[in-house]
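Heads up: the structure comes next, in structure tokens.
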Amino acid sequence: NRDLSCRFFEMATPKIHVDGSRIGYALGNIVLLKGVNSDSGQWWDGTSNYSEQQLIYMKNWGCTAVRITIQGYSIEAGVMNNPRFLTRLDNMIAWAQKHGLYVILDGVQLSGNHPLGFYRSRVDRYMTEVWSWTAWFNHWTQLATRYVGRGIIYDLINEPLYWPLDDHQTKMRQCIDNIRAIDPDAIIMIEEVSPVSWEGQGFGFEQTNPINRSNIIYSLHVYGYHTSSNSDSSMRSLLTKHKADWMLANGRCVQFGEFGPGYNGDPNYPWNSWQAEFLRSFMRVADQDGYSGYCAWRWVSGGWTCEKLLADYNGHPSPYGTILMEGLIPVDTDYVSLVSDLAMNFTVNGSQYPQGTILQVPIGSLLNISVPAVVLT
């Protein structure tokens with residue numbers, strides 16, 4: 001067998017496509033988008049997270065993807081017309097791809113005038129009182145034109161609420177068609193939506209008002225405050241509530257664009273062993289049940305929001321980051337590549353993977369693999 005050990009980490013990101021509930025590329029190989037979030041609050045508003053070295057650290061942690069977000073309040077401030085901002089965005093994308101990270105570009109976080117955002121994902125008000133649908137369409141046309149052929153995954157709206165499902169269907173189709181007129185092979189990411197408040201979030205729109213477009217990744221966000229239990233069964237119940245398992249069973253590809261523990265500074269969600277096991281349970285279920293990866297929120301060493309992944313900007317993980325790394329495999333680990341050799345699942349460290357999956361596995365884990373599998377050396 002050929003040596004495929006370089007594929008995840010040492011080559012530029014190969015072109016990928018969505019095939020049913022999975023993401024793949026040439027030869028039928030499966031790609032898992034596992035990584036972190038890096039938002040414009042760091043690489044634009046500040047400077048501590050703006051360097052190629054940060055993307056190298058992500059790669060060394062074992063990431064295969066980075067979700068780069070542009071905050072709504074930055075868009076309101078006119079950054080999409082700011083050459084300096086666009087150059088920074090260009091660099092973030094170029095550095096990520098140079099180091100083998102797929103880029104998910106979350107181009108619109110509906111916040112409203114300041115980081116905490118008094119509109120907080122309310123599509124009904126934000127798109128009439130702050131922005132407009134015309135501006136939203138133009139925003140994505142601008143980005144698709146700038147990055148045509150670059151293999152960017154476009155995440156169209158972050159955590160949308162109060163959006164009637166028929167209008168959601170119409171607007172999403174129009175935006176996708178606009179992007180595909182420029183870049184026919186572009187992969188689009190669509191997040192779960194609610195016609196009401198947070199409690200209504202889910203993928204029910206695919207049952208009643210489906211998007212009916214190809215090459216789509218569907219996305220949801222999971223945090224420690226979403227459940228009172230950190231067991232695998234409770235995690236699966238939560239995903240069933242959001243219809244994530246229905247999506248997989250019906251041939252939709254699902255990736256977790258954000259996940260993490262409870263919010264930093266909230267006494268109801270302190271960092272503790274419960275949070276640690278919640279994160280492990282989440283990653284275990286995501287790996288075992290056929291989801292297409294997850295990106296942890298977020299790549300910071302401090303801040304007002306969720307628990308930080310970093311202890312410092314020298315790539316050292318916080319306790320949260322250390323647990324994330326359990327779901328990733330660092331590039332400097334001695335590893336071999338594995339691929340199942342029959343049309344059936346195989347198991348590595350308790351997680352099942354379908355036929356055709358290529359994994360980077362530390363040599364010390366080989367005893368934990370169920371056959372049949374081929375070791376590619």
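Naming scheme: A, B, ... for chains in displayed order of the structure tokens; residues 1 onward per chain; ligands 1 onward as shown.
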Considering only C-alpha atoms, return as a VMD selection string whatever protein or nucleic-acid residues lie within 12 Å of His316 in chain A, sequence-local ones (same chain, fewer than 3 positions apart) excluded. chain A and resid 54 57 to 58 60 to 61 299 to 301 308 to 313 319 to 322 325
Rounded to one decimal in Å, what is the spacing between CA of Leu328 in chain A and CA of Thr64 in chain A?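 Atom-to-atom, CA of Leu328 in chain A to CA of Thr64 in chain A, that is 8.8 Å.
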DSSP on the backbone, then: every residue of range 8-153 of chain A marked alpha helix (DSSP H), written as a ChimeraX atom specification. /A:40-43,52-61,72-76,83-98,123-125,133-146
List as a PDB file with all heavy atoms, in the first residue's frame the protein and nucleic acid residues near Ser237 in chain A, meaning an atom at most 12 Å away when only C-alpha atoms are counted, but skip any in the same chain fewer than 3 places from it.
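Produced file around.pdb, reproduced below:
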```pdb
ATOM      1  N   HIS A 226     -26.202  23.634  27.542  1.00  0.00           N
ATOM      2  CA  HIS A 226     -27.347  23.099  26.807  1.00  0.00           C
ATOM      3  C   HIS A 226     -27.942  21.850  27.441  1.00  0.00           C
ATOM      4  O   HIS A 226     -28.988  21.373  27.006  1.00  0.00           O
ATOM      5  CB  HIS A 226     -26.940  22.773  25.365  1.00  0.00           C
ATOM      6  CG  HIS A 226     -26.706  23.977  24.520  1.00  0.00           C
ATOM      7  ND1 HIS A 226     -25.949  23.960  23.361  1.00  0.00           N
ATOM      8  CD2 HIS A 226     -27.130  25.265  24.657  1.00  0.00           C
ATOM      9  CE1 HIS A 226     -25.918  25.171  22.830  1.00  0.00           C
ATOM     10  NE2 HIS A 226     -26.623  25.972  23.611  1.00  0.00           N
ATOM     11  N   THR A 227     -27.267  21.283  28.434  1.00  0.00           N
ATOM     12  CA  THR A 227     -27.738  20.050  29.047  1.00  0.00           C
ATOM     13  C   THR A 227     -27.306  20.013  30.509  1.00  0.00           C
ATOM     14  O   THR A 227     -26.310  20.626  30.889  1.00  0.00           O
ATOM     15  CB  THR A 227     -27.179  18.823  28.303  1.00  0.00           C
ATOM     16  OG1 THR A 227     -27.602  17.630  28.957  1.00  0.00           O
ATOM     17  CG2 THR A 227     -25.664  18.851  28.251  1.00  0.00           C
ATOM     18  N   SER A 228     -28.067  19.305  31.329  1.00  0.00           N
ATOM     19  CA  SER A 228     -27.718  19.162  32.747  1.00  0.00           C
ATOM     20  C   SER A 228     -26.954  17.877  33.009  1.00  0.00           C
ATOM     21  O   SER A 228     -26.564  17.608  34.139  1.00  0.00           O
ATOM     22  CB  SER A 228     -28.992  19.175  33.604  1.00  0.00           C
ATOM     23  OG  SER A 228     -29.862  18.116  33.222  1.00  0.00           O
ATOM     24  N   SER A 229     -26.741  17.072  31.978  1.00  0.00           N
ATOM     25  CA  SER A 229     -26.037  15.802  32.131  1.00  0.00           C
ATOM     26  C   SER A 229     -24.893  15.736  31.145  1.00  0.00           C
ATOM     27  O   SER A 229     -24.987  16.262  30.029  1.00  0.00           O
ATOM     28  CB  SER A 229     -26.997  14.628  31.889  1.00  0.00           C
ATOM     29  OG  SER A 229     -26.287  13.405  31.871  1.00  0.00           O
ATOM     30  N   ASN A 230     -23.807  15.101  31.536  1.00  0.00           N
ATOM     31  CA  ASN A 230     -22.669  14.970  30.640  1.00  0.00           C
ATOM     32  C   ASN A 230     -22.476  13.530  30.165  1.00  0.00           C
ATOM     33  O   ASN A 230     -21.373  13.142  29.782  1.00  0.00           O
ATOM     34  CB  ASN A 230     -21.382  15.486  31.299  1.00  0.00           C
ATOM     35  CG  ASN A 230     -21.079  14.783  32.607  1.00  0.00           C
ATOM     36  OD1 ASN A 230     -21.660  13.731  32.912  1.00  0.00           O
ATOM     37  ND2 ASN A 230     -20.156  15.339  33.387  1.00  0.00           N
ATOM     38  N   SER A 231     -23.536  12.730  30.162  1.00  0.00           N
ATOM     39  CA  SER A 231     -23.444  11.350  29.698  1.00  0.00           C
ATOM     40  C   SER A 231     -23.607  11.292  28.180  1.00  0.00           C
ATOM     41  O   SER A 231     -24.184  12.189  27.553  1.00  0.00           O
ATOM     42  CB  SER A 231     -24.522  10.498  30.353  1.00  0.00           C
ATOM     43  OG  SER A 231     -25.807  10.862  29.891  1.00  0.00           O
ATOM     44  N   ASP A 232     -23.136  10.205  27.585  1.00  0.00           N
ATOM     45  CA  ASP A 232     -23.286  10.024  26.149  1.00  0.00           C
ATOM     46  C   ASP A 232     -24.759   9.934  25.758  1.00  0.00           C
ATOM     47  O   ASP A 232     -25.166  10.452  24.714  1.00  0.00           O
ATOM     48  CB  ASP A 232     -22.559   8.761  25.697  1.00  0.00           C
ATOM     49  CG  ASP A 232     -21.048   8.895  25.763  1.00  0.00           C
ATOM     50  OD1 ASP A 232     -20.557   9.868  26.370  1.00  0.00           O
ATOM     51  OD2 ASP A 232     -20.354   8.023  25.222  1.00  0.00           O
ATOM     52  N   SER A 233     -25.569   9.279  26.574  1.00  0.00           N
ATOM     53  CA  SER A 233     -26.994   9.145  26.251  1.00  0.00           C
ATOM     54  C   SER A 233     -27.687  10.506  26.256  1.00  0.00           C
ATOM     55  O   SER A 233     -28.536  10.786  25.394  1.00  0.00           O
ATOM     56  CB  SER A 233     -27.676   8.190  27.230  1.00  0.00           C
ATOM     57  OG  SER A 233     -27.575   8.667  28.564  1.00  0.00           O
ATOM     58  N   SER A 234     -27.323  11.361  27.207  1.00  0.00           N
ATOM     59  CA  SER A 234     -27.906  12.702  27.237  1.00  0.00           C
ATOM     60  C   SER A 234     -27.454  13.529  26.049  1.00  0.00           C
ATOM     61  O   SER A 234     -28.230  14.327  25.494  1.00  0.00           O
ATOM     62  CB  SER A 234     -27.536  13.408  28.537  1.00  0.00           C
ATOM     63  OG  SER A 234     -28.145  12.785  29.633  1.00  0.00           O
ATOM     64  N   THR A 240     -30.793  14.588  19.179  1.00  0.00           N
ATOM     65  CA  THR A 240     -32.087  14.175  18.627  1.00  0.00           C
ATOM     66  C   THR A 240     -33.083  15.326  18.680  1.00  0.00           C
ATOM     67  O   THR A 240     -33.854  15.552  17.740  1.00  0.00           O
ATOM     68  CB  THR A 240     -32.634  12.968  19.407  1.00  0.00           C
ATOM     69  OG1 THR A 240     -31.776  11.848  19.198  1.00  0.00           O
ATOM     70  CG2 THR A 240     -34.040  12.607  18.955  1.00  0.00           C
ATOM     71  N   LYS A 241     -33.072  16.087  19.781  1.00  0.00           N
ATOM     72  CA  LYS A 241     -33.952  17.249  19.906  1.00  0.00           C
ATOM     73  C   LYS A 241     -33.732  18.231  18.759  1.00  0.00           C
ATOM     74  O   LYS A 241     -34.692  18.830  18.243  1.00  0.00           O
ATOM     75  CB  LYS A 241     -33.705  17.943  21.251  1.00  0.00           C
ATOM     76  CG  LYS A 241     -34.491  19.233  21.443  1.00  0.00           C
ATOM     77  CD  LYS A 241     -34.112  19.915  22.754  1.00  0.00           C
ATOM     78  CE  LYS A 241     -34.809  21.267  22.888  1.00  0.00           C
ATOM     79  NZ  LYS A 241     -34.395  21.985  24.124  1.00  0.00           N
ATOM     80  N   HIS A 242     -32.489  18.374  18.352  1.00  0.00           N
ATOM     81  CA  HIS A 242     -32.163  19.300  17.264  1.00  0.00           C
ATOM     82  C   HIS A 242     -32.284  18.648  15.891  1.00  0.00           C
ATOM     83  O   HIS A 242     -31.982  19.277  14.888  1.00  0.00           O
ATOM     84  CB  HIS A 242     -30.755  19.861  17.468  1.00  0.00           C
ATOM     85  CG  HIS A 242     -30.644  20.809  18.617  1.00  0.00           C
ATOM     86  ND1 HIS A 242     -30.536  22.166  18.459  1.00  0.00           N
ATOM     87  CD2 HIS A 242     -30.659  20.593  19.960  1.00  0.00           C
ATOM     88  CE1 HIS A 242     -30.470  22.755  19.647  1.00  0.00           C
ATOM     89  NE2 HIS A 242     -30.543  21.824  20.575  1.00  0.00           N
ATOM     90  N   LYS A 243     -32.665  17.370  15.862  1.00  0.00           N
ATOM     91  CA  LYS A 243     -32.839  16.591  14.628  1.00  0.00           C
ATOM     92  C   LYS A 243     -31.525  16.365  13.896  1.00  0.00           C
ATOM     93  O   LYS A 243     -31.512  16.123  12.659  1.00  0.00           O
ATOM     94  CB  LYS A 243     -33.872  17.238  13.715  1.00  0.00           C
ATOM     95  CG  LYS A 243     -35.281  17.229  14.288  1.00  0.00           C
ATOM     96  CD  LYS A 243     -36.307  17.805  13.321  1.00  0.00           C
ATOM     97  CE  LYS A 243     -37.734  17.578  13.815  1.00  0.00           C
ATOM     98  NZ  LYS A 243     -37.996  18.134  15.166  1.00  0.00           N
ATOM     99  N   ALA A 244     -30.417  16.403  14.622  1.00  0.00           N
ATOM    100  CA  ALA A 244     -29.120  16.161  14.000  1.00  0.00           C
ATOM    101  C   ALA A 244     -28.991  14.710  13.558  1.00  0.00           C
ATOM    102  O   ALA A 244     -28.435  14.426  12.486  1.00  0.00           O
ATOM    103  CB  ALA A 244     -27.997  16.529  14.967  1.00  0.00           C
ATOM    104  N   ASP A 245     -29.479  13.766  14.370  1.00  0.00           N
ATOM    105  CA  ASP A 245     -29.394  12.360  13.976  1.00  0.00           C
ATOM    106  C   ASP A 245     -30.300  12.073  12.777  1.00  0.00           C
ATOM    107  O   ASP A 245     -29.965  11.258  11.914  1.00  0.00           O
ATOM    108  CB  ASP A 245     -29.707  11.445  15.158  1.00  0.00           C
ATOM    109  CG  ASP A 245     -31.034  11.745  15.840  1.00  0.00           C
ATOM    110  OD1 ASP A 245     -31.700  12.744  15.489  1.00  0.00           O
ATOM    111  OD2 ASP A 245     -31.416  10.980  16.758  1.00  0.00           O
ATOM    112  N   TRP A 246     -31.456  12.728  12.717  1.00  0.00           N
ATOM    113  CA  TRP A 246     -32.336  12.585  11.551  1.00  0.00           C
ATOM    114  C   TRP A 246     -31.610  13.057  10.293  1.00  0.00           C
ATOM    115  O   TRP A 246     -31.741  12.447   9.221  1.00  0.00           O
ATOM    116  CB  TRP A 246     -33.608  13.399  11.747  1.00  0.00           C
ATOM    117  CG  TRP A 246     -34.573  13.305  10.599  1.00  0.00           C
ATOM    118  CD1 TRP A 246     -35.583  12.416  10.435  1.00  0.00           C
ATOM    119  CD2 TRP A 246     -34.581  14.139   9.418  1.00  0.00           C
ATOM    120  NE1 TRP A 246     -36.229  12.625   9.234  1.00  0.00           N
ATOM    121  CE2 TRP A 246     -35.638  13.678   8.587  1.00  0.00           C
ATOM    122  CE3 TRP A 246     -33.810  15.213   8.989  1.00  0.00           C
ATOM    123  CZ2 TRP A 246     -35.932  14.257   7.361  1.00  0.00           C
ATOM    124  CZ3 TRP A 246     -34.095  15.797   7.756  1.00  0.00           C
ATOM    125  CH2 TRP A 246     -35.144  15.327   6.963  1.00  0.00           C
ATOM    126  N   PHE A 282     -19.087  14.823  24.385  1.00  0.00           N
ATOM    127  CA  PHE A 282     -19.456  15.430  23.099  1.00  0.00           C
ATOM    128  C   PHE A 282     -18.574  14.905  21.977  1.00  0.00           C
ATOM    129  O   PHE A 282     -19.069  14.475  20.921  1.00  0.00           O
ATOM    130  CB  PHE A 282     -19.358  16.953  23.177  1.00  0.00           C
ATOM    131  CG  PHE A 282     -19.366  17.605  21.825  1.00  0.00           C
ATOM    132  CD1 PHE A 282     -20.556  17.792  21.148  1.00  0.00           C
ATOM    133  CD2 PHE A 282     -18.177  17.991  21.216  1.00  0.00           C
ATOM    134  CE1 PHE A 282     -20.564  18.363  19.872  1.00  0.00           C
ATOM    135  CE2 PHE A 282     -18.179  18.560  19.950  1.00  0.00           C
ATOM    136  CZ  PHE A 282     -19.376  18.745  19.285  1.00  0.00           C
ATOM    137  N   VAL A 285     -19.239  11.137  21.163  1.00  0.00           N
ATOM    138  CA  VAL A 285     -20.473  10.909  20.414  1.00  0.00           C
ATOM    139  C   VAL A 285     -20.325  11.408  18.977  1.00  0.00           C
ATOM    140  O   VAL A 285     -20.733  10.735  18.022  1.00  0.00           O
ATOM    141  CB  VAL A 285     -21.665  11.594  21.111  1.00  0.00           C
ATOM    142  CG1 VAL A 285     -22.891  11.632  20.206  1.00  0.00           C
ATOM    143  CG2 VAL A 285     -21.984  10.876  22.419  1.00  0.00           C
TER     144      VAL A 285
END
```
If you count only C-alpha atoms, which residues fall within 7 Å of range 153-166 of chain A, apart from same-chain ones fewer than 2 positions away, as JSON, numbers by chain? {"A": [103, 104, 105, 106, 107, 108, 109, 110, 121, 122, 123, 124, 151, 168, 169, 170, 186, 187, 188, 189, 190, 191, 192, 193, 194, 195, 196, 197, 198, 205, 209]}
Hey, can you spit out that residue selection with N, CA, C and O atoms as a short mmCIF file (atom, residue, chain, number, x, y, z; two decimals), in the first residue's frame?
```cif
data_model
loop_
_atom_site.label_atom_id
_atom_site.label_comp_id
_atom_site.auth_asym_id
_atom_site.auth_seq_id
_atom_site.Cartn_x
_atom_site.Cartn_y
_atom_site.Cartn_z
N VAL A 103 -10.60 26.01 5.62
CA VAL A 103 -11.13 27.27 6.15
C VAL A 103 -12.65 27.28 6.04
O VAL A 103 -13.21 27.13 4.95
N ILE A 104 -13.30 27.46 7.20
CA ILE A 104 -14.73 27.76 7.25
C ILE A 104 -14.82 29.25 7.53
O ILE A 104 -14.34 29.73 8.56
N LEU A 105 -15.40 29.99 6.61
CA LEU A 105 -15.50 31.45 6.77
C LEU A 105 -16.90 31.79 7.24
O LEU A 105 -17.87 31.71 6.49
N ASP A 106 -16.99 32.14 8.52
CA ASP A 106 -18.28 32.55 9.11
C ASP A 106 -18.38 34.05 8.93
O ASP A 106 -17.94 34.83 9.77
N GLY A 107 -18.96 34.46 7.83
CA GLY A 107 -18.87 35.85 7.42
C GLY A 107 -19.86 36.78 8.05
O GLY A 107 -19.76 38.00 7.88
N VAL A 108 -20.86 36.30 8.79
CA VAL A 108 -21.84 37.19 9.38
C VAL A 108 -22.27 36.67 10.75
O VAL A 108 -23.01 35.71 10.84
N GLN A 109 -21.76 37.27 11.80
CA GLN A 109 -22.28 37.01 13.14
C GLN A 109 -23.18 38.17 13.51
O GLN A 109 -22.73 39.31 13.63
N LEU A 110 -24.47 37.91 13.65
CA LEU A 110 -25.43 38.98 13.89
C LEU A 110 -25.37 39.44 15.34
O LEU A 110 -25.95 38.84 16.22
N SER A 121 -28.57 37.74 17.27
CA SER A 121 -29.04 36.74 16.31
C SER A 121 -30.48 36.92 15.87
O SER A 121 -31.04 36.03 15.22
N ARG A 122 -31.12 38.03 16.21
CA ARG A 122 -32.50 38.25 15.77
C ARG A 122 -32.50 38.72 14.32
O ARG A 122 -32.32 39.91 14.03
N VAL A 123 -32.72 37.78 13.43
CA VAL A 123 -32.71 38.10 12.01
C VAL A 123 -33.80 39.11 11.67
O VAL A 123 -33.59 40.03 10.86
N ASP A 124 -34.96 38.97 12.29
CA ASP A 124 -36.09 39.84 11.95
C ASP A 124 -35.77 41.31 12.17
O ASP A 124 -36.14 42.17 11.36
N GLY A 151 -11.48 27.01 -2.35
CA GLY A 151 -11.93 25.93 -1.49
C GLY A 151 -12.44 26.38 -0.14
O GLY A 151 -12.46 25.59 0.82
N HIS A 168 -36.48 31.75 5.14
CA HIS A 168 -35.15 31.17 5.28
C HIS A 168 -34.82 30.34 4.04
O HIS A 168 -33.72 30.46 3.47
N GLN A 169 -35.74 29.52 3.62
CA GLN A 169 -35.53 28.69 2.44
C GLN A 169 -35.26 29.54 1.20
O GLN A 169 -34.30 29.31 0.46
N THR A 170 -36.07 30.56 1.01
CA THR A 170 -35.93 31.43 -0.16
C THR A 170 -34.61 32.17 -0.16
O THR A 170 -33.88 32.21 -1.17
N ALA A 186 -18.22 25.78 -4.82
CA ALA A 186 -18.14 26.25 -3.43
C ALA A 186 -19.01 25.40 -2.51
O ALA A 186 -20.15 25.07 -2.84
N ILE A 187 -18.46 25.04 -1.35
CA ILE A 187 -19.22 24.34 -0.32
C ILE A 187 -19.86 25.39 0.58
O ILE A 187 -19.21 26.34 1.01
N ILE A 188 -21.13 25.19 0.87
CA ILE A 188 -21.88 26.12 1.71
C ILE A 188 -22.21 25.45 3.04
O ILE A 188 -22.54 24.26 3.08
N MET A 189 -22.11 26.21 4.11
CA MET A 189 -22.50 25.72 5.43
C MET A 189 -23.75 26.47 5.87
O MET A 189 -23.80 27.70 5.83
N ILE A 190 -24.76 25.71 6.28
CA ILE A 190 -26.03 26.28 6.74
C ILE A 190 -26.27 25.83 8.17
O ILE A 190 -26.28 24.63 8.47
N GLU A 191 -26.46 26.79 9.06
CA GLU A 191 -26.65 26.47 10.47
C GLU A 191 -28.12 26.20 10.77
O GLU A 191 -29.02 26.61 10.02
N GLU A 192 -28.34 25.51 11.89
CA GLU A 192 -29.71 25.31 12.34
C GLU A 192 -30.37 26.67 12.57
O GLU A 192 -29.69 27.66 12.84
N VAL A 193 -31.67 26.72 12.45
CA VAL A 193 -32.38 28.00 12.51
C VAL A 193 -33.61 27.83 13.40
O VAL A 193 -34.12 26.71 13.58
N SER A 194 -34.06 28.94 13.94
CA SER A 194 -35.29 28.94 14.73
C SER A 194 -36.22 30.03 14.22
O SER A 194 -35.79 31.18 14.01
N PRO A 195 -37.51 29.72 14.02
CA PRO A 195 -38.48 30.77 13.68
C PRO A 195 -38.87 31.60 14.89
O PRO A 195 -39.56 32.61 14.74
N VAL A 196 -38.42 31.16 16.07
CA VAL A 196 -38.71 31.88 17.32
C VAL A 196 -37.41 32.08 18.08
O VAL A 196 -36.44 32.55 17.52
N SER A 197 -37.38 31.72 19.37
CA SER A 197 -36.22 31.96 20.22
C SER A 197 -35.23 30.80 20.15
O SER A 197 -35.36 29.89 19.33
N TRP A 198 -34.25 30.84 21.07
CA TRP A 198 -33.22 29.80 21.11
C TRP A 198 -33.81 28.40 21.24
O TRP A 198 -33.28 27.44 20.68
N PHE A 205 -36.26 22.58 9.53
CA PHE A 205 -36.52 23.20 8.22
C PHE A 205 -36.23 22.23 7.08
O PHE A 205 -36.82 22.34 6.01
N ASN A 209 -39.12 22.74 4.91
CA ASN A 209 -38.70 23.74 3.92
C ASN A 209 -37.25 23.47 3.52
O ASN A 209 -36.36 24.28 3.80
#
```
Determine, counting only C-alpha atoms, which protein, DNA and RNA residues have an atom within 10 Å of an atom of Gly251 in chain A; residues of the same chain fewer than 3 positions away are not included. Present the result as a list in words. Asp19, Gly20, Ser21, Arg22, Trp246, Met247, Leu248 and Val254 of chain A
Residues of the last selection are to be written out with N, CA and C atoms, as a JSON list (two decimals), in the first residue's frame.
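Below you can see again_24.json, which holds the result:
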```
[["chain", "number", "residue", "atom", "x", "y", "z"],
["A", 19, "ASP", "N", -20.52, 14.38, 0.03],
["A", 19, "ASP", "CA", -21.08, 13.18, -0.58],
["A", 19, "ASP", "C", -22.02, 12.54, 0.44],
["A", 20, "GLY", "N", -23.31, 12.82, 0.33],
["A", 20, "GLY", "CA", -24.26, 12.32, 1.32],
["A", 20, "GLY", "C", -23.97, 12.93, 2.68],
["A", 21, "SER", "N", -23.79, 12.09, 3.68],
["A", 21, "SER", "CA", -23.55, 12.57, 5.05],
["A", 21, "SER", "C", -22.08, 12.76, 5.36],
["A", 22, "ARG", "N", -21.22, 12.63, 4.36],
["A", 22, "ARG", "CA", -19.78, 12.73, 4.60],
["A", 22, "ARG", "C", -19.12, 13.76, 3.68],
["A", 246, "TRP", "N", -31.46, 12.73, 12.72],
["A", 246, "TRP", "CA", -32.34, 12.58, 11.55],
["A", 246, "TRP", "C", -31.61, 13.06, 10.29],
["A", 247, "MET", "N", -30.86, 14.13, 10.41],
["A", 247, "MET", "CA", -30.12, 14.65, 9.26],
["A", 247, "MET", "C", -29.14, 13.60, 8.73],
["A", 248, "LEU", "N", -28.37, 12.97, 9.62],
["A", 248, "LEU", "CA", -27.43, 11.95, 9.17],
["A", 248, "LEU", "C", -28.16, 10.78, 8.52],
["A", 254, "VAL", "N", -23.38, 16.77, 8.59],
["A", 254, "VAL", "CA", -23.50, 17.65, 9.75],
["A", 254, "VAL", "C", -22.14, 17.79, 10.43]]
```
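All residues in range 153-284 of chain A with a DSSP state of strand (DSSP E or B), computed from the backbone, read Ile153, Tyr154, Asp155, Asn158, Leu161, Ile187, Ile188, Met189, Ile190, Glu191, Val193, Gly202, Ile216, Ile217, Tyr218, Ser219, Leu220, His221, Val222, Tyr223, Cys253, Val254, Gln255, Phe256, Gly257, Glu258, Phe259, Gly260 and Tyr263 of chain A.
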Here CA of Gly260 in chain A and CA of Gly202 in chain A stand apart by 18.2 Å
Which residue, A:Ile16, A:Leu324, A:Asn37, A:Asn314, has the smallest gap to Ile216 in chain A when you use only C-alpha atoms?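 Of A:Ile16, A:Leu324, A:Asn37, A:Asn314, the one nearest Ile216 in chain A, counting only C-alpha atoms, is A:Ile16.
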Compare A:Thr13, A:Gln207, A:Asn81, A:Ser51 by their minimum atom-to-atom distance to Gly100 in chain A, counting only C-alpha atoms, and give me the closest one.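 Looking only at the distances to Gly100 in chain A, the closest residue turns out to be A:Thr13.
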Considering only C-alpha atoms, return as a ChimeraX atom specification whatever protein or nucleic-acid residues lie within 12 Å of Ala94 in chain A, sequence-local ones (same chain, fewer than 3 positions apart) excluded. /A:12-13,51-52,55,66,68,87-91,97-103,147,150-152
Export of the given selection (N, CA and C atoms) as a compact mmCIF listing (two decimals), in the first residue's frame:
```
# COMPACT_ATOMS: atom_id res chain seq x y z
N ALA A 12 -0.95 20.67 1.05
CA ALA A 12 -1.98 21.70 1.00
C ALA A 12 -3.35 21.01 0.99
N THR A 13 -4.34 21.72 1.45
CA THR A 13 -5.67 21.12 1.57
C THR A 13 -6.20 20.71 0.20
N SER A 51 -1.05 36.27 13.54
CA SER A 51 0.27 35.88 13.07
C SER A 51 0.19 34.50 12.47
N GLU A 52 1.07 34.21 11.54
CA GLU A 52 1.12 32.87 10.94
C GLU A 52 1.40 31.82 12.00
N LEU A 55 -1.53 29.85 13.37
CA LEU A 55 -2.03 28.78 12.52
C LEU A 55 -1.12 27.55 12.60
N VAL A 66 -10.05 25.43 10.52
CA VAL A 66 -10.20 26.60 11.37
C VAL A 66 -11.42 27.37 10.87
N ILE A 68 -13.00 30.81 10.72
CA ILE A 68 -12.63 32.21 10.84
C ILE A 68 -13.90 33.04 10.80
N THR A 87 -6.76 42.56 3.81
CA THR A 87 -5.43 41.96 3.73
C THR A 87 -5.20 41.01 4.90
N ARG A 88 -5.66 41.40 6.08
CA ARG A 88 -5.55 40.48 7.23
C ARG A 88 -6.35 39.21 7.00
N LEU A 89 -7.55 39.37 6.47
CA LEU A 89 -8.37 38.20 6.19
C LEU A 89 -7.70 37.32 5.14
N ASP A 90 -7.16 37.94 4.09
CA ASP A 90 -6.40 37.20 3.07
C ASP A 90 -5.29 36.38 3.72
N ASN A 91 -4.56 37.02 4.62
CA ASN A 91 -3.42 36.35 5.25
C ASN A 91 -3.87 35.19 6.14
N GLN A 97 -4.44 27.61 4.90
CA GLN A 97 -4.33 26.63 3.83
C GLN A 97 -2.89 26.19 3.61
N LYS A 98 -1.94 27.08 3.81
CA LYS A 98 -0.53 26.71 3.71
C LYS A 98 -0.19 25.59 4.68
N HIS A 99 -0.80 25.61 5.84
CA HIS A 99 -0.48 24.63 6.87
C HIS A 99 -1.53 23.53 6.98
N GLY A 100 -2.27 23.33 5.90
CA GLY A 100 -3.14 22.16 5.81
C GLY A 100 -4.44 22.26 6.56
N LEU A 101 -4.94 23.47 6.81
CA LEU A 101 -6.20 23.66 7.52
C LEU A 101 -7.28 24.10 6.54
N TYR A 102 -8.39 23.38 6.52
CA TYR A 102 -9.54 23.84 5.75
C TYR A 102 -10.14 25.07 6.43
N VAL A 103 -10.60 26.01 5.62
CA VAL A 103 -11.13 27.27 6.15
C VAL A 103 -12.65 27.28 6.04
N TYR A 147 -12.43 35.09 -3.23
CA TYR A 147 -11.80 33.80 -2.93
C TYR A 147 -12.26 32.69 -3.87
N ARG A 150 -10.76 28.89 -4.20
CA ARG A 150 -9.84 28.68 -3.08
C ARG A 150 -10.30 27.57 -2.13
N GLY A 151 -11.48 27.01 -2.35
CA GLY A 151 -11.93 25.93 -1.49
C GLY A 151 -12.44 26.38 -0.14
N ILE A 152 -12.88 27.63 -0.04
CA ILE A 152 -13.43 28.14 1.22
C ILE A 152 -14.81 27.54 1.45
```
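Proximity of A:Gly35, A:Pro270, A:Gly204, A:Gly293 to Phe256 in chain A, computed with only C-alpha atoms, is greatest for A:Gly293.
Going from CA of Gln142 in chain A to CA of Tyr126 in chain A covers 20.2 Å.
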Between A:Met235, A:Arg213, A:Glu199, A:Cys63, which is the closest to Ala96 in chain A once you count only C-alpha atoms? A:Cys63
